[in-house]
Protein chains: 4
Amino acid sequence: MVKNIEQENSYNIPKSMKAWVLGGPHEIKMIEKDVPEPGSSEVLVKVGAIAVCHTDIEVLHHGHPAMVEGEAPFNKDFVMGHEYMGTVVKTGPNVDEWQPGDRIAVEVHAGCGRCQKCREGMYTSCHNYSFRSKDHRANGFTTDGGFAEYAVNNINTLVAVPDYLSDEVATLTVTAGTAMYGLDVLGGLIAGQSVVVAGGGPIGLMFIAIAKTLGASPVIISEPRSDRSEMAKKMGADFVINPLVEDPVEKVKSLTGGIGVDFAVEASGVPDVVNQVLHMTNRGGKVCLAAFSNGLTPTDLAYVVSNNIYMFGIRGEGNSAVRRAASLLNQKRFDPSPLHTHTFPLEEVDTAISYAENQTDGAIKVVVKMS
Amino acid sequence: MVKNIEQENSYNIPKSMKAWVLGGPHEIKMIEKDVPEPGSSEVLVKVGAIAVCHTDIEVLHHGHPAMVEGEAPFNKDFVMGHEYMGTVVKTGPNVDEWQPGDRIAVEVHAGCGRCQKCREGMYTSCHNYSFRSKDHRANGFTTDGGFAEYAVNNINTLVAVPDYLSDEVATLTVTAGTAMYGLDVLGGLIAGQSVVVAGGGPIGLMFIAIAKTLGASPVIISEPRSDRSEMAKKMGADFVINPLVEDPVEKVKSLTGGIGVDFAVEASGVPDVVNQVLHMTNRGGKVCLAAFSNGLTPTDLAYVVSNNIYMFGIRGEGNSAVRRAASLLNQKRFDPSPLHTHTFPLEEVDTAISYAENQTDGAIKVVVKMS
Amino acid sequence: MVKNIEQENSYNIPKSMKAWVLGGPHEIKMIEKDVPEPGSSEVLVKVGAIAVCHTDIEVLHHGHPAMVEGEAPFNKDFVMGHEYMGTVVKTGPNVDEWQPGDRIAVEVHAGCGRCQKCREGMYTSCHNYSFRSKDHRANGFTTDGGFAEYAVNNINTLVAVPDYLSDEVATLTVTAGTAMYGLDVLGGLIAGQSVVVAGGGPIGLMFIAIAKTLGASPVIISEPRSDRSEMAKKMGADFVINPLVEDPVEKVKSLTGGIGVDFAVEASGVPDVVNQVLHMTNRGGKVCLAAFSNGLTPTDLAYVVSNNIYMFGIRGEGNSAVRRAASLLNQKRFDPSPLHTHTFPLEEVDTAISYAENQTDGAIKVVVKMS
Amino acid sequence: MVKNIEQENSYNIPKSMKAWVLGGPHEIKMIEKDVPEPGSSEVLVKVGAIAVCHTDIEVLHHGHPAMVEGEAPFNKDFVMGHEYMGTVVKTGPNVDEWQPGDRIAVEVHAGCGRCQKCREGMYTSCHNYSFRSKDHRANGFTTDGGFAEYAVNNINTLVAVPDYLSDEVATLTVTAGTAMYGLDVLGGLIAGQSVVVAGGGPIGLMFIAIAKTLGASPVIISEPRSDRSEMAKKMGADFVINPLVEDPVEKVKSLTGGIGVDFAVEASGVPDVVNQVLHMTNRGGKVCLAAFSNGLTPTDLAYVVSNNIYMFGIRGEGNSAVRRAASLLNQKRFDPSPLHTHTFPLEEVDTAISYAENQTDGAIKVVVKMS
């Protein structure tokens with residue numbers, strides 16, 4: 001893998017850059033900020049594009065789940081954004097795993113590597129979450145993220161982007177990784193298992209795409225909005241249920257020989273949907289909780305116990321799932337590009353976030369593309 | 001294993017027997033009933049002793065979860081009771097796995113062996129539950145149980161009872177199996193993992209005993225009643241929390257270096273306790289739901305997702321857990337005898353049930369001993 | 001699922017049928033034999049087509065691994081053959097899972113359902129293997145198989161065949177199931193993992209097809225024969241290695257960034273290849289042994305221990321893998337039809353076996369098609 | 001956890017120390033060497049005692065498996081030794097997980113934290129093994145070990161030592177961790193499973209102790225030397241087989257109802273024993289390879305495949321197994337002290353190694369105790 005040294009040196013990295021930072025709650029502004037320096041195990045990334053995630057909106061309004069050394073991220077010149085891709089332009093000391101010029105997408109979590117959870121491989125559950133002094137990084141949550149011209153990333157959080165993918169679509173790699181992780185924790189092969197996904201937002205739609213790609217059958221979505229149902233079909237759903245029109249539990253049962261699905265995914269975040277999802281699940285089946293609402297959710301735990309159901313809350317996109325999702329993309333095994341609906345320049349991050357938040361103009365994935 | 005043929009033939013099996021059967025809801029009565037005949041893969045057991053389980057009380061009042069060919073068990077001369085032990089007195093055709101004279105305890109579920117779940121080894125989740133015509137048996141729930149002088153059991157549901165155990169204590173084998181199953185589904189070795197159990201009823205106390213035996217540390221119980229806390233200490237609890245006196249979540253955290261336990265068991269069936277249990281659990285930790293209340297439980301699913309928690313509803317005592325629990329008993333690795341608090345003769349099954357239901361006189365495990 | 005009663009009654013099942021049975025070792029002959037009667041949990045299948053498997057040849061010459069009640073299968077009018085498909089023409093008592101007219105393919109093992117292994121879901125490891133009196137069935141090995149006009153099958157061993165598949169190609173369903181099982185025991189998702197298969201016989205080629213379908217990358221085959229390499233490419237191999245021309249271990253390392261593959265499959269049965277396969281495997285990687293030669297194999301166990309490698313011997317096609325393979329076929333996710341190279345009528349089973357044994361005319365899968 | 005500051009400051013750490021280093025092959029000598037400085041995530045340990053491991057002898061004679069930045073460890077002033085315990089005397093920057101004064105034992109592997117294997121939690125299979133520049137450490141193999149007065153350890157490699165354990169016995173913690181890891185990879189609960197261990201060296205004896213502690217039954221050892229058999233009984237073996245006197249395979253079968261054990265451990269390193277171990281294993285059972293000889297081992301892989309046996313090579317003591325073993329020791333659940341047979345002062349490391357190598361005077365674990 002010989003690299004042209006001339007080329008490597010040709011990245012003229014400026015001293016400062018444009019970056020959108022959090023002010024107080026609900027407040028985001030573009031400032032000029034120093035370009036960061038990659039340390040050991042790190043690289044500097046020139047951001048190419050970044051997608052808005054629902055979590056960004058949570059951070060903007062409530063600070064949660066972002067923390068900087070255990071504190072809220074407000075008024076710290078903190079840069080949000082974690083679903084980005086770009087180009088490696090500089091490597092830190094002792095880094096030879098990546099080279100300047102590599103086109104990459106990122107995942108969020110670089111665990112501390114020293115706590116019990118990291119040692120077990122559960123780096124998204126790192127006990128030193130938010131403590132940079134202990135080598136933890138979760139860009140866009142606890143360390144500066146990607147709504148900026150440059151970002152520093154741990155080498156652990158990089159995956160290669162195939163040439164054929166546009167910058168905009170490549171930002172969806174991490175979303176695909178979340179779906180991959182959700183199916184992963186369910187355990188074992190997905191092929192020939194029945195799957196239902198409740199909720200056709202970006203995460204739910206990615207679950208549909210990945211489940212279909214891995215051979216699940218049937219793949220069912222329950223989603224009230226027709227534009228999202230249509231998108232689910234494009235992503236590979238075999239059956240579409242409108243839960244406002246028909247009983248989604250009865251419908252799922254009728255599609256699965258009366259017994260319910262092997263795997264069910266709650267991706268709506270709507271409290272009432274949780275019990276629908278549980279009741280859609282086969283005795284001895286498994287449920288992935290990939291979304292949630294704040295507050296307590298009235299949950300039919302009696303059904304869970306009586307039916308030997310296992311429920312898996314998932315945090316982030318652990319277990320190298322982004323790497324596996326990137327492999328599927330590299331193989332052109334599914335096409336996430338329809339999920340990308342809108343593009344804005346860096347100067348309009350606030351508008352981009354607003355589109356995503358309000359689903360303006362049918363927005364699913366809103367991307368900010370650097371010039 | 002030479003058996004004395006004289007002895008084998010010496011079982012004088014009568015034509016009829018005393019049996020307690022369900023009338024309508026809340027109604028149980030002793031009648032004379034035909035002694036059943038063991039079929040293929042079955043044996044006839046002369047019942048020695050039987051314990052009252054909380055589920056028996058559910059069946060008595062609500063029919064649930066007992067069903068006979070899909071219907072409620074009332075007014076069918078149905079015999080309740082599933083926590084029993086006794087002696088094999090006759091074997092069905094082609095049975096050589098057990099011999100007349102073998103002293104055994106029973107587990108509940110003999111799956112149909114033909115549905116997808118049974119084929120996967122998840123026989124307690126059998127899709128043909130309650131359908132005797134498809135070879136399913138769950139004695140005391142879907143087929144006649146042990147509040148009688150004789151019962152027929154599938155050979156799959158028998159485990160050997162060691163000589164040193166009294167009939168009364170041997171009835172607790174299946175309860176121990178439930179706890180073993182609960183820890184089993186949590187996955188992997190228990191040694192050196194921290195465990196909390198909420199609720200000091202028979203199941204919770206057995207979880208304490210088994211977790212301690214398998215090397216969990218620390219083993220913590222949260223239980224408001226002091227007599228039950230004392231019992232938990234006897235069973236091996238390292239720490240006892242009275243949740244009415246101190247904040248059980250804070251206490252568990254302080255006992256586990258601030259991070260919560262690896263494994264938490266909800267064994268109280270009290271709705272409010274569910275969230276306590278969740279909040280006691282380490283990020284990336286696991287929760288076993290071993291009890292439940294009817295109706296919906298307000299549950300902090302946001303916490304579950306944010307903390308990558310897995311929740312396992314358990315049904316019965318699958319995965320041959322009773323066999324493994326029996327092995328621990330055979331090795332004298334823990335002593336369940338303190339859990340046995342009261343004994344009644346067969347003629348007083350109604351009183352025995354009342355004691356268990358009302359926890360009369362501090363009753364934990366109430367046993368009916370045949371004369 | 002209403003069925004036309006007229007149609008169901010229209011199957012004129014004769015009293016006797018043509019069947020190829022084993023004489024002494026190396027001897028197979030066609031006789032007239034009674035059509036068997038399906039018992040409880042069983043159906044009668046009118047065989048449509050049956051493929052010759054390498055194991056059939058083992059049974060023909062050495063009896064192994066077939067046994068009838070623990071004894072060699074010679075001179076017992078035993079019918080070989082296990083890779084068949086056909087039509088359900090009659091159901092046994094209490095069977096409503098399948099209906100006359102259903103088009104099905106079969107898997108081999110119906111465990112006893114009463115031993116420890118069956119109870120754990122490991123029915124291909126049944127402890128009562130070969131004992132029909134304990135309800136075990138492995139058609140073509142311990143009970144009559146498919147080189148005949150009719151066969152009785154346990155309902156557990158049936159999977160639906162999609163309409164688009166020809167009878168000949170549908171016989172490959174069980175072979176696909178073996179590959180699925182091999183990947184299954186390796187654990188977890190295959191997507192994005194690197195896989196090498198050594199040996200391009202029917203099993204090896206199916207491993208290639210299934211691994212590719214499930215998203216493995218890269219998928220590599222090591223096979224000296226060019227016709228088989230070409231077939232491997234058709235089945236989805238990304239890279240082909242000729243181990244007689246280049247060092248297969250070095251080549252695999254160069255294709256995997258120097259570290260070797262995540263999963264390696266030994267499907268050649270050639271002793272020297274075992275160590276190649278081990279050395280192709282990443283530290284902490286997994287190896288599936290899907291073939292073997294008789295006698296002891298000199299094995300680099302030092303490498304296995306030093307590199308934390310896990311080796312999985314697989315027996316048959318357990319864990320409902322055939323059902324999952326059938327689902328992929330039903331979804332048209334891969335095309336096994338090129339593996340089917342030759343067809344003979346029932347009258348020429350001996351010739352068919354000879355073609356398969358000697359790989360006459362480049363034979364891969366030789367199928368016997370009923371008229 | 002208030003610490004006496006006076007005490008913490010009272011560690012007078014010298015500039016140089018006594019250390020035994022490798023010269024050429026077979027050559028070890030005591031020199032004066034600089035006391036190392038702990039870096040980020042590290043502490044300085046004052047060594048209290050260190051046991052000789054069989055691997056030390058491999059390193060001394062052949063360099064293998066020790067490497068320093070990929071090269072043999074000879075003539076580099078390299079300090080061997082990895083089974084040690086001691087006291088934390090200084091912490092590196094940002095370390096608050098441990099405090100000066102903490103009494104600890106060590107495990108070997110601190111993975112790089114950046115390769116795929118470390119990210120999966122398989123740090124003993126680290127792809128950057130031996131590369132200190134990438135933060136890998138395996139003290140005594142790739143970085144300086146414990147045959148010296150001081151050693152630097154990554155905080156990941158420390159476990160607390162309970163007060164009641166002597167320095168000498170506390171060195172056995174890591175050996176117990178290896179046995180724990182071996183049982184761990186076998187998967188799931190050990191209670192009630194049958195286990196055989198072939199070979200009564202320190203590792204084999206620890207397997208006996210841990211298997212017994214976790215509730216395995218029966219626990220069987222096959223070992224020709226009577227002193228080691230006696231030790232195995234002390235450690236908890238239920239049955240002892242002398243393979244020179246009786247057929248060990250037949251004996252194991254007779255002790256397990258004719259079917260063989262669930263788990264078998266090869267801990268002898270004798271080639272012929274491998275097939276004994278395989279044949280002792282139940283169909284569908286699991287085998288841990290915890291020892292090996294150099295060269296190829298004639299292995300009955302036909303048996304492995306035909307019987308669906310899984311074989312697990314284990315490298316080191318991964319998956320935090322040492323932490324769990326330390327918990328069992330802290331609970332006084334087993335007593336490893338009989339394994340400690342001889343003690344020498346630091347000045348006699350060469351003699352200590354000779355005793356261990358030649359099993360002089362029945363030596364099992366030979367310990368060097370600092371004055």
# chains A, B, ... in the order shown; residues from 1 in each chain; ligands from 1

$ residues_around --residues "stretch 125-128 of chain A" --least-positions-apart "4" --cutoff "9 Å" --atoms "only C-alpha atoms" --output "number ranges by chain"
A: 109-118, 132, 134-136, 315-316, 318; B: 259, 283-284, 307-308

$ write_last_selection --atoms "N, CA and C atoms" --output "PDB file, in the first residue's frame"
ATOM      1  N   HIS A 109     -18.330   5.518  19.230  1.00  0.00           N
ATOM      2  CA  HIS A 109     -17.706   5.218  20.514  1.00  0.00           C
ATOM      3  C   HIS A 109     -16.276   4.694  20.421  1.00  0.00           C
ATOM      4  N   ALA A 110     -15.364   5.396  21.050  1.00  0.00           N
ATOM      5  CA  ALA A 110     -14.045   4.852  21.347  1.00  0.00           C
ATOM      6  C   ALA A 110     -13.983   4.730  22.859  1.00  0.00           C
ATOM      7  N   GLY A 111     -14.135   3.531  23.354  1.00  0.00           N
ATOM      8  CA  GLY A 111     -14.155   3.320  24.806  1.00  0.00           C
ATOM      9  C   GLY A 111     -12.816   3.651  25.434  1.00  0.00           C
ATOM     10  N   CYS A 112     -12.803   3.696  26.761  1.00  0.00           N
ATOM     11  CA  CYS A 112     -11.574   4.026  27.480  1.00  0.00           C
ATOM     12  C   CYS A 112     -10.536   2.913  27.352  1.00  0.00           C
ATOM     13  N   GLY A 113     -11.011   1.687  27.136  1.00  0.00           N
ATOM     14  CA  GLY A 113     -10.084   0.568  27.020  1.00  0.00           C
ATOM     15  C   GLY A 113      -9.575   0.060  28.350  1.00  0.00           C
ATOM     16  N   ARG A 114      -9.963   0.699  29.438  1.00  0.00           N
ATOM     17  CA  ARG A 114      -9.419   0.283  30.733  1.00  0.00           C
ATOM     18  C   ARG A 114     -10.483  -0.184  31.722  1.00  0.00           C
ATOM     19  N   CYS A 115     -11.765   0.103  31.467  1.00  0.00           N
ATOM     20  CA  CYS A 115     -12.808  -0.336  32.403  1.00  0.00           C
ATOM     21  C   CYS A 115     -13.228  -1.769  32.071  1.00  0.00           C
ATOM     22  N   GLN A 116     -14.004  -2.342  32.972  1.00  0.00           N
ATOM     23  CA  GLN A 116     -14.448  -3.722  32.819  1.00  0.00           C
ATOM     24  C   GLN A 116     -15.241  -3.905  31.527  1.00  0.00           C
ATOM     25  N   LYS A 117     -16.104  -2.976  31.199  1.00  0.00           N
ATOM     26  CA  LYS A 117     -16.956  -3.127  30.018  1.00  0.00           C
ATOM     27  C   LYS A 117     -16.118  -3.087  28.741  1.00  0.00           C
ATOM     28  N   CYS A 118     -15.187  -2.163  28.659  1.00  0.00           N
ATOM     29  CA  CYS A 118     -14.338  -2.108  27.466  1.00  0.00           C
ATOM     30  C   CYS A 118     -13.537  -3.399  27.336  1.00  0.00           C
ATOM     31  N   ARG A 132     -12.575  12.168  28.956  1.00  0.00           N
ATOM     32  CA  ARG A 132     -11.492  12.242  27.997  1.00  0.00           C
ATOM     33  C   ARG A 132     -10.150  11.960  28.668  1.00  0.00           C
ATOM     34  N   LYS A 134      -9.551   9.804  30.632  1.00  0.00           N
ATOM     35  CA  LYS A 134      -9.336   8.352  30.663  1.00  0.00           C
ATOM     36  C   LYS A 134      -9.452   7.758  29.263  1.00  0.00           C
ATOM     37  N   ASP A 135      -9.223   8.595  28.276  1.00  0.00           N
ATOM     38  CA  ASP A 135      -9.120   8.142  26.879  1.00  0.00           C
ATOM     39  C   ASP A 135     -10.453   7.795  26.231  1.00  0.00           C
ATOM     40  N   HIS A 136     -11.575   8.103  26.911  1.00  0.00           N
ATOM     41  CA  HIS A 136     -12.858   7.871  26.270  1.00  0.00           C
ATOM     42  C   HIS A 136     -13.133   8.958  25.242  1.00  0.00           C
ATOM     43  N   ARG A 315     -27.559   0.302  22.951  1.00  0.00           N
ATOM     44  CA  ARG A 315     -26.931   1.609  23.139  1.00  0.00           C
ATOM     45  C   ARG A 315     -25.874   1.739  22.055  1.00  0.00           C
ATOM     46  N   GLY A 316     -26.114   2.666  21.151  1.00  0.00           N
ATOM     47  CA  GLY A 316     -25.129   2.933  20.118  1.00  0.00           C
ATOM     48  C   GLY A 316     -25.034   1.816  19.113  1.00  0.00           C
ATOM     49  N   GLY A 318     -22.461  -0.999  18.953  1.00  0.00           N
ATOM     50  CA  GLY A 318     -21.287  -1.702  19.465  1.00  0.00           C
ATOM     51  C   GLY A 318     -20.886  -2.900  18.629  1.00  0.00           C
TER      52      GLY A 318
ATOM     53  N   ILE B 259     -21.396   1.196  40.308  1.00  0.00           N
ATOM     54  CA  ILE B 259     -21.829   0.885  38.948  1.00  0.00           C
ATOM     55  C   ILE B 259     -23.062  -0.011  38.859  1.00  0.00           C
ATOM     56  N   ARG B 283     -24.514  -0.739  33.589  1.00  0.00           N
ATOM     57  CA  ARG B 283     -24.593  -0.525  32.147  1.00  0.00           C
ATOM     58  C   ARG B 283     -24.102  -1.801  31.449  1.00  0.00           C
ATOM     59  N   GLY B 284     -24.885  -2.241  30.480  1.00  0.00           N
ATOM     60  CA  GLY B 284     -24.522  -3.497  29.830  1.00  0.00           C
ATOM     61  C   GLY B 284     -24.852  -4.723  30.661  1.00  0.00           C
ATOM     62  N   ASN B 307     -28.860   2.296  28.672  1.00  0.00           N
ATOM     63  CA  ASN B 307     -27.830   1.574  29.409  1.00  0.00           C
ATOM     64  C   ASN B 307     -27.575   0.180  28.858  1.00  0.00           C
ATOM     65  N   ASN B 308     -28.106  -0.091  27.663  1.00  0.00           N
ATOM     66  CA  ASN B 308     -27.797  -1.363  26.998  1.00  0.00           C
ATOM     67  C   ASN B 308     -28.113  -2.557  27.910  1.00  0.00           C
TER      68      ASN B 308
END

$ select_by_dssp --residues "stretch 198-249 of chain D" --states "alpha helix (DSSP H)" --output "ChimeraX atom specification"
/D:202-213,226-235,248-249

$ residues_around --residues "A:Thr142" --least-positions-apart "3" --cutoff "7 Å" --atoms "only C-alpha atoms" --output "VMD selection string"
chain A and resid 66 to 68 130 137 to 139

$ write_last_selection --atoms "C-alpha atoms" --output "mmCIF file, in the first residue's frame"
data_model
loop_
_atom_site.group_PDB
_atom_site.id
_atom_site.type_symbol
_atom_site.label_atom_id
_atom_site.label_comp_id
_atom_site.auth_asym_id
_atom_site.auth_seq_id
_atom_site.Cartn_x
_atom_site.Cartn_y
_atom_site.Cartn_z
ATOM 1 C CA ALA A 66 -23.947 14.373 25.726
ATOM 2 C CA MET A 67 -21.606 15.094 28.598
ATOM 3 C CA VAL A 68 -18.157 16.611 28.786
ATOM 4 C CA SER A 130 -17.378 11.203 28.835
ATOM 5 C CA ARG A 137 -14.258 9.513 23.134
ATOM 6 C CA ALA A 138 -17.773 9.710 21.788
ATOM 7 C CA ASN A 139 -17.502 12.354 19.143
#

$ closest_residue --among "D:Ile28, D:Val274, D:Ile50, D:Leu214" --to "B:Ile190" --atoms "only C-alpha atoms"
D:Leu214

$ interface_residues --of "chain A" --to "chain D" --cutoff "7 Å" --atoms "only C-alpha atoms" --output "list in words"
Asn94, Gly113, Arg114, Arg119, Glu120, Gly121, Ser133, Lys134, Asn156 and Asn319 of chain A

$ residues_around --residues "stretch 159-172 of chain A" --least-positions-apart "2" --cutoff "9 Å" --atoms "only C-alpha atoms" --output "ChimeraX atom specification"
/A:48-51,83-86,102-107,155-157,174-177,322-323,326-327,329-331,336-340,343,365,367-369

$ write_last_selection --atoms "C-alpha atoms" --output "PDB file, in the first residue's frame"
ATOM      1  CA  GLY A  48     -16.969  15.619   3.849  1.00  0.00           C
ATOM      2  CA  ALA A  49     -20.595  15.327   4.904  1.00  0.00           C
ATOM      3  CA  ILE A  50     -22.610  14.797   8.056  1.00  0.00           C
ATOM      4  CA  ALA A  51     -26.185  13.675   8.651  1.00  0.00           C
ATOM      5  CA  GLU A  83     -22.930  10.743  11.625  1.00  0.00           C
ATOM      6  CA  TYR A  84     -20.185  11.972   9.359  1.00  0.00           C
ATOM      7  CA  MET A  85     -17.692  10.855   6.741  1.00  0.00           C
ATOM      8  CA  GLY A  86     -14.626  12.452   5.277  1.00  0.00           C
ATOM      9  CA  ASP A 102      -8.201   7.379   3.103  1.00  0.00           C
ATOM     10  CA  ARG A 103     -11.909   8.000   2.628  1.00  0.00           C
ATOM     11  CA  ILE A 104     -13.749   6.986   5.771  1.00  0.00           C
ATOM     12  CA  ALA A 105     -17.013   7.021   7.680  1.00  0.00           C
ATOM     13  CA  VAL A 106     -17.112   7.073  11.465  1.00  0.00           C
ATOM     14  CA  GLU A 107     -18.809   5.376  14.346  1.00  0.00           C
ATOM     15  CA  ILE A 155      -8.639   4.877  14.707  1.00  0.00           C
ATOM     16  CA  ASN A 156     -11.100   2.435  16.231  1.00  0.00           C
ATOM     17  CA  THR A 157     -13.979   4.546  14.999  1.00  0.00           C
ATOM     18  CA  VAL A 174     -23.254   4.500  11.152  1.00  0.00           C
ATOM     19  CA  THR A 175     -27.067   4.294  11.029  1.00  0.00           C
ATOM     20  CA  ALA A 176     -26.735   0.990   9.225  1.00  0.00           C
ATOM     21  CA  GLY A 177     -24.347  -0.076  11.961  1.00  0.00           C
ATOM     22  CA  VAL A 322     -20.474  -0.429  11.804  1.00  0.00           C
ATOM     23  CA  ARG A 323     -17.580  -2.312  10.248  1.00  0.00           C
ATOM     24  CA  ALA A 326     -19.806  -0.993   5.882  1.00  0.00           C
ATOM     25  CA  SER A 327     -18.890  -4.364   4.431  1.00  0.00           C
ATOM     26  CA  LEU A 329     -22.409  -1.431   1.678  1.00  0.00           C
ATOM     27  CA  ASN A 330     -19.087  -2.189   0.035  1.00  0.00           C
ATOM     28  CA  GLN A 331     -20.656  -5.338  -1.415  1.00  0.00           C
ATOM     29  CA  PRO A 336     -29.549   3.238   1.594  1.00  0.00           C
ATOM     30  CA  SER A 337     -29.566   6.182  -0.783  1.00  0.00           C
ATOM     31  CA  PRO A 338     -33.374   6.702  -0.813  1.00  0.00           C
ATOM     32  CA  LEU A 339     -33.154   7.517   2.892  1.00  0.00           C
ATOM     33  CA  HIS A 340     -31.117  10.608   2.069  1.00  0.00           C
ATOM     34  CA  THR A 343     -28.840  18.445   1.585  1.00  0.00           C
ATOM     35  CA  LYS A 365     -32.130  11.851   6.455  1.00  0.00           C
ATOM     36  CA  VAL A 367     -27.300  15.832   5.287  1.00  0.00           C
ATOM     37  CA  VAL A 368     -24.900  18.735   5.546  1.00  0.00           C
ATOM     38  CA  LYS A 369     -22.373  18.622   2.711  1.00  0.00           C
TER      39      LYS A 369
END

$ residues_around --residues "stretch 32-39 of chain A" --least-positions-apart "4" --cutoff "8 Å" --atoms "only C-alpha atoms" --output "PyMOL selection string"
chain A and resi 14-19+43-44+90-93+150-153

$ write_last_selection --atoms "C-alpha atoms" --output "compact mmCIF listing (two decimals), in the first residue's frame"
# COMPACT_ATOMS: atom_id res chain seq x y z
CA PRO A 14 -5.32 25.46 8.40
CA LYS A 15 -4.90 26.65 11.98
CA SER A 16 -8.59 27.34 12.45
CA MET A 17 -11.86 26.14 11.02
CA LYS A 18 -15.58 26.82 10.90
CA ALA A 19 -17.50 24.85 13.51
CA VAL A 43 -6.24 10.79 13.08
CA LEU A 44 -7.46 14.16 11.83
CA LYS A 90 -3.14 13.59 9.20
CA THR A 91 -2.25 10.67 11.46
CA GLY A 92 -1.23 10.78 15.11
CA PRO A 93 1.95 9.28 16.52
CA TYR A 150 -12.27 18.99 10.81
CA ALA A 151 -12.58 16.41 13.56
CA VAL A 152 -10.21 14.11 15.42
CA ASN A 153 -11.14 10.44 15.55

$ residues_around --residues "A:Met235" --least-positions-apart "3" --cutoff "12 Å" --atoms "only C-alpha atoms" --output "PyMOL selection string"
chain A and resi 176+200-213+219-221+228-232+238-240+333-339

$ residues_around --residues "stretch 303-305 of chain B" --least-positions-apart "2" --cutoff "12 Å" --atoms "only C-alpha atoms" --output "PyMOL selection string"
(chain A and resi 65+124-125+182+266-267+269+287-297+311-316) or (chain B and resi 274-287+299-301+307-311)
